[in-house]
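Trainee: What follows is a structure written as C-alpha cells; I'll ask about it next.
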Amino acid sequence: MSRTTTVTPAAAGMRDEDAAPAAAASHIRRGTPAFMRATLALFSAGLATFALVYCVQPILPILSHEFGISPASASVSLSVTTALLAVGMLFTGPISDAVGRKPVMVTALLLASCCALLATVMTSWHGILVMRALTGLALSGVAAVGMTWLSEEMHPSVAAFSMGLYISGNSIGGMSGRLLSGVMTDVVGWRIALAVIACFALASALMFWKILPASRHFRPTSLRPKTLFINFRLHWRDKALPWLFAEGFLLMGAFVTLFNYIGYRLMQSPWHLSQAVVGLLSVAYLTGTWSSPRAGALSARHGRGPIILLFTGVMLAGLLMTLSGWLWLIFAGMLLFTAGFFGAHSVASSWIGIRARRAKGQASSLYLFSYYMGSSLAGTSGGWFWHDYGWHGVTAFIGALLVIALLVGHHLHRSRA
C-alpha cells in the first residue's frame with residue numbers, strides 16, 4: 001500500500017514567498033490584519049525612501065553658500081540621487097521579478113540608510129555627491145518594487161486605494177525630509193539634520209522587514225537577457241505604457257523643478273525668509289496625503305483619463321498662483337500644485353500595473369525610470385532658467401512641461417487605454 005507524502009515548502013527548499021498554497025492564495029482585502037500590516041509597512045517604506053531622497057532640497061541655498069557653488073550645481077545633490085535611482089530601477093525591477101519582492105526592498109532600504117549616514121561625514125562636495133548617488137542607487141530597490149508588490153498582492157477592489165495610500169506615504173516622506181532638514185539646519189546644522197533622517201530611515205527599514213506580509217502571488221521569472229528584451233519590447237509596443245512613461249517624466253520634472261528653486265526665490269527680496277521658514281513650507285506635501293487616495297477613488301468612478309487631466313490642470317493653476325507677489329497666494333499655489341501632482345501621479349502609477357501584461361516589476365521600473373529622469377534632467381535644467389530669467393523663467397519652463405503633460409493625458413483618455 002503506497003503512502004502519500006506531503007512536502008512542505010520549507011522541506012522542498014522553497015522560500016515562503018514562492019509558495020502559494022491554495023488555502024492562502026487569496027488577495028489581501030481591506031479591513032483584514034494583513035491589509036493593516038501591508039499598508040503600514042509600505043507607508044513607512046515610502047516615507048523613509050522619499051525623506052532620504054528629498055532631504056537636501058530645502059537646504060540647497062545653504063549648500064550653495066558653504067561649498068561656493070551655483071544653484072544649478074547645488075541641485076546636483078538631488079539630481080544625482082534621482083538619476084541613479086532611475087538607472088537602478090532598470091535592474092532592480094527585473095531582479096525582483098526573479099528573486100522576490102520583499103528581499104529586494106529590505107536590502108535596498110538598509111543599504112540606502114547606511115549610505116545616507118556616510119554622506120553626513122563627507123568633507124568634500126564630490127564625496128557628498130558619491131554618497132548621494134549610492135543612496136539613490138540603493139533606493140531603486142524600494143521605489144519600483146513597492147508598486148509591484150501592491151499590484152500583485154492587493155485585491156483589485158482596493159488596488160487603486162492602496163496605491164494612493166502608498167503614494168501618500170511618499171508625500172509625507174518628501175515633506176518630512178524637507179521639513180526636518182530645513183528646520184533643524186538652522187538649529188544644529190545640516191549634517192546633524194541629515195544624520196537624524198538617515199537614522200529614522202534605518203529604523204523604518206527594520207520595521208518594514210518585520211511586518212510586511214510574505215508574497216503569495218509572486219511567481220519568479222527568468223533573468224535571461226532574451227526574456228528581459230522580449231518583455232521590454234512588449235511594454236514599449238503597448239498602446240498606453242509608453243505614454244504613461246512620458247507622463248511620469250513630465251509630471252515629476254515639473255514638480256521637482258518648482259520645489260528646487262522656490263526656496264531661492266523666497267529667501268530673496270522682498271520676503272527674505274529664513275531657512276527654517278522655507279523648510280516649513282514643505283507642509284504643502286500634506287495635500288498629497290489627501291489627493292493621492294482621493295484620485296484613486298475618483299478614477300474608479302469616472303475613469304483614469306479624466307482624473308489625470310483634472311489633477312494636471314490643478315498643478316498648472318497652482319503654478320500660475322506662484323507668480324503672485326503675495327506670500328499667502330504663493331503658498332496657496334504650492335498647496336494646489338502639490339495636491340495636483342500627487343493625484344496625477346497616483347493615477348498614472350496605478351495605471352501601469354493594470355496595463356502591463358507580464359513582468360510587472362519591469363514595467364513599473366520603466367515608468368519610474370522615466371519619472372526620476374524627469375526629476376534629474378528638468379530639476380537641474382530649471383537652474384539655468386532661474387539664473388537667466390528668475391522665477392518667471394522657471395514658471396515658463398514648468399508650464400511648458402505641464403501643457404505637454406495635458407496633451408499626453410488627453411491622448412491616453414481618447415485612446416481609452
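In the C-alpha cells, chains take the letters A, B, ... in the order shown, each chain's residues start at 1, and ligands count up from 1 in the order shown.
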Which polymer residues have any atom within 10 Å of an atom of Ile262 of chain A, counting only C-alpha atoms, with same-chain residues fewer than 6 positions away left out, as a list in words?
Mentor: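 These residues fall inside the cut-off: Pro58, Val278, Leu281, Thr322, Ile330, Met334, Trp386, Trp391 and Val394 of chain A.
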Trainee: Next, the residues of the selection above should be written as a CSV table (one decimal), in the first residue's frame with C-alpha atoms.
Mentor:
```csv
chain,number,residue,atom,x,y,z
A,58,PRO,CA,15.3,72.8,1.2
A,278,VAL,CA,11.4,77.9,3.9
A,281,LEU,CA,6.7,75.4,3.6
A,322,THR,CA,3.2,81.3,-7.5
A,330,ILE,CA,2.3,81.8,-3.4
A,334,MET,CA,2.2,75.5,-3.7
A,386,TRP,CA,16.4,80.6,-12.7
A,391,TRP,CA,11.1,83.0,-11.3
A,394,VAL,CA,11.2,78.8,-14.1
```
Trainee: Ranking A:Val130, A:Leu251, A:Leu47, A:Leu228 by minimum distance to Leu401 of chain A and counting only C-alpha atoms, which one comes first?
Mentor: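 Using only C-alpha atoms, the shortest distance to Leu401 of chain A belongs to A:Leu251.
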Trainee: Just want the 8 Å neighbourhood of Leu366 of chain A, counted on only C-alpha atoms, with same-chain residues fewer than 3 positions away dropped. Output as a list in words.
Mentor: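 Near Leu366 of chain A, the qualifying residues are Met89, Leu90, Phe245, Gln362, Ala363, Phe369 and Ser370 of chain A.
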Trainee: Selection from above, all heavy atoms, as an mmCIF file, in the first residue's frame, can you write it?
Mentor:
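Printed below is out.cif as written:
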```cif
data_model
loop_
_atom_site.group_PDB
_atom_site.id
_atom_site.type_symbol
_atom_site.label_atom_id
_atom_site.label_comp_id
_atom_site.auth_asym_id
_atom_site.auth_seq_id
_atom_site.Cartn_x
_atom_site.Cartn_y
_atom_site.Cartn_z
ATOM 1 N N MET A 89 16.571 51.280 -11.262
ATOM 2 C CA MET A 89 15.284 50.615 -11.463
ATOM 3 C C MET A 89 15.267 49.704 -12.687
ATOM 4 O O MET A 89 14.482 48.767 -12.756
ATOM 5 C CB MET A 89 14.178 51.654 -11.576
ATOM 6 C CG MET A 89 13.825 52.274 -10.247
ATOM 7 S SD MET A 89 12.605 53.553 -10.450
ATOM 8 C CE MET A 89 12.497 54.137 -8.779
ATOM 9 N N LEU A 90 16.112 50.005 -13.642
ATOM 10 C CA LEU A 90 16.187 49.138 -14.823
ATOM 11 C C LEU A 90 16.686 47.749 -14.451
ATOM 12 O O LEU A 90 16.474 46.786 -15.185
ATOM 13 C CB LEU A 90 17.101 49.760 -15.875
ATOM 14 C CG LEU A 90 16.645 51.107 -16.451
ATOM 15 C CD1 LEU A 90 17.675 51.638 -17.445
ATOM 16 C CD2 LEU A 90 15.276 50.971 -17.117
ATOM 17 N N PHE A 245 4.824 56.379 -19.429
ATOM 18 C CA PHE A 245 6.215 56.669 -19.085
ATOM 19 C C PHE A 245 6.517 58.149 -19.315
ATOM 20 O O PHE A 245 7.152 58.805 -18.480
ATOM 21 C CB PHE A 245 7.163 55.820 -19.925
ATOM 22 C CG PHE A 245 6.983 54.323 -19.770
ATOM 23 C CD1 PHE A 245 7.395 53.463 -20.777
ATOM 24 C CD2 PHE A 245 6.400 53.775 -18.640
ATOM 25 C CE1 PHE A 245 7.235 52.088 -20.649
ATOM 26 C CE2 PHE A 245 6.228 52.404 -18.496
ATOM 27 C CZ PHE A 245 6.654 51.562 -19.517
ATOM 28 N N GLN A 362 9.229 44.970 -14.167
ATOM 29 C CA GLN A 362 9.968 45.685 -15.208
ATOM 30 C C GLN A 362 9.164 46.876 -15.714
ATOM 31 O O GLN A 362 9.719 47.956 -15.962
ATOM 32 C CB GLN A 362 10.301 44.741 -16.363
ATOM 33 C CG GLN A 362 11.224 45.356 -17.406
ATOM 34 C CD GLN A 362 11.495 44.413 -18.554
ATOM 35 O OE1 GLN A 362 10.625 43.651 -18.966
ATOM 36 N NE2 GLN A 362 12.714 44.455 -19.083
ATOM 37 N N ALA A 363 7.854 46.716 -15.866
ATOM 38 C CA ALA A 363 7.009 47.821 -16.334
ATOM 39 C C ALA A 363 7.027 48.971 -15.331
ATOM 40 O O ALA A 363 7.153 50.142 -15.714
ATOM 41 C CB ALA A 363 5.580 47.332 -16.553
ATOM 42 N N PHE A 369 11.745 54.861 -13.977
ATOM 43 C CA PHE A 369 12.964 55.349 -14.639
ATOM 44 C C PHE A 369 12.665 56.676 -15.325
ATOM 45 O O PHE A 369 13.392 57.664 -15.167
ATOM 46 C CB PHE A 369 13.456 54.326 -15.667
ATOM 47 C CG PHE A 369 14.564 54.836 -16.535
ATOM 48 C CD1 PHE A 369 15.874 54.852 -16.077
ATOM 49 C CD2 PHE A 369 14.307 55.302 -17.826
ATOM 50 C CE1 PHE A 369 16.906 55.335 -16.879
ATOM 51 C CE2 PHE A 369 15.325 55.785 -18.632
ATOM 52 C CZ PHE A 369 16.634 55.801 -18.152
ATOM 53 N N SER A 370 11.586 56.716 -16.077
ATOM 54 C CA SER A 370 11.191 57.960 -16.748
ATOM 55 C C SER A 370 10.855 59.044 -15.727
ATOM 56 O O SER A 370 11.232 60.212 -15.885
ATOM 57 C CB SER A 370 9.975 57.701 -17.650
ATOM 58 O OG SER A 370 10.240 56.688 -18.579
#
```
Trainee: For Leu266 of chain A, please output as a list in words all residues within 10 Å (counting only C-alpha atoms; exclusion window: fewer than 5 positions along the same chain).
Mentor: Tyr261, Trp271, His272, Leu273, Ser274, Gln275, Val277, Val278, Leu327 and Ile330 of chain A
Trainee: Please write the residues from the selection above to a file, keeping N, CA and C atoms, as a CSV table (one decimal), in the first residue's frame.
Mentor:
```csv
chain,number,residue,atom,x,y,z
A,261,TYR,N,13.7,75.4,-6.6
A,261,TYR,CA,14.0,76.8,-6.8
A,261,TYR,C,13.1,77.8,-6.1
A,271,TRP,N,10.9,89.2,0.6
A,271,TRP,CA,10.5,88.4,1.7
A,271,TRP,C,11.6,88.1,2.7
A,272,HIS,N,12.8,87.7,2.2
A,272,HIS,CA,13.9,87.4,3.0
A,272,HIS,C,13.6,86.3,4.1
A,273,LEU,N,12.9,85.3,3.7
A,273,LEU,CA,12.6,84.2,4.6
A,273,LEU,C,13.8,83.5,5.1
A,274,SER,N,13.8,83.0,6.3
A,274,SER,CA,14.9,82.2,6.9
A,274,SER,C,14.8,80.8,6.3
A,275,GLN,N,15.9,80.1,6.5
A,275,GLN,CA,16.0,78.7,6.1
A,275,GLN,C,14.9,77.8,6.8
A,277,VAL,N,11.9,78.8,7.9
A,277,VAL,CA,10.6,79.1,7.4
A,277,VAL,C,10.4,78.5,6.0
A,278,VAL,N,11.5,78.5,5.2
A,278,VAL,CA,11.4,77.9,3.9
A,278,VAL,C,11.2,76.4,4.1
A,327,LEU,N,2.7,86.6,-0.5
A,327,LEU,CA,3.3,85.4,0.1
A,327,LEU,C,2.2,84.3,0.3
A,330,ILE,N,1.2,82.7,-2.9
A,330,ILE,CA,2.3,81.8,-3.4
A,330,ILE,C,2.2,80.5,-2.6
```
Trainee: To test your reading of the structure, identify every residue in segment 31-102 of chain A that backbone DSSP assigns to alpha helix (DSSP H), and report it as JSON, numbers by chain.
Mentor: {"A": [33, 34, 35, 36, 37, 38, 39, 40, 41, 42, 43, 44, 45, 46, 47, 48, 49, 50, 51, 52, 53, 54, 60, 61, 62, 63, 64, 65, 66, 67, 71, 72, 73, 74, 76, 77, 78, 79, 80, 81, 82, 83, 84, 85, 86, 87, 88, 89, 90, 91, 92, 93, 94, 95, 96, 97, 98, 99, 101, 102]}
Trainee: Tell me which of A:Tyr264, A:Phe255, A:Trp209, A:Phe200 sits closest to Pro61 of chain A, counting only C-alpha atoms.
Mentor: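 So, comparing all the options, the nearest one is A:Tyr264.
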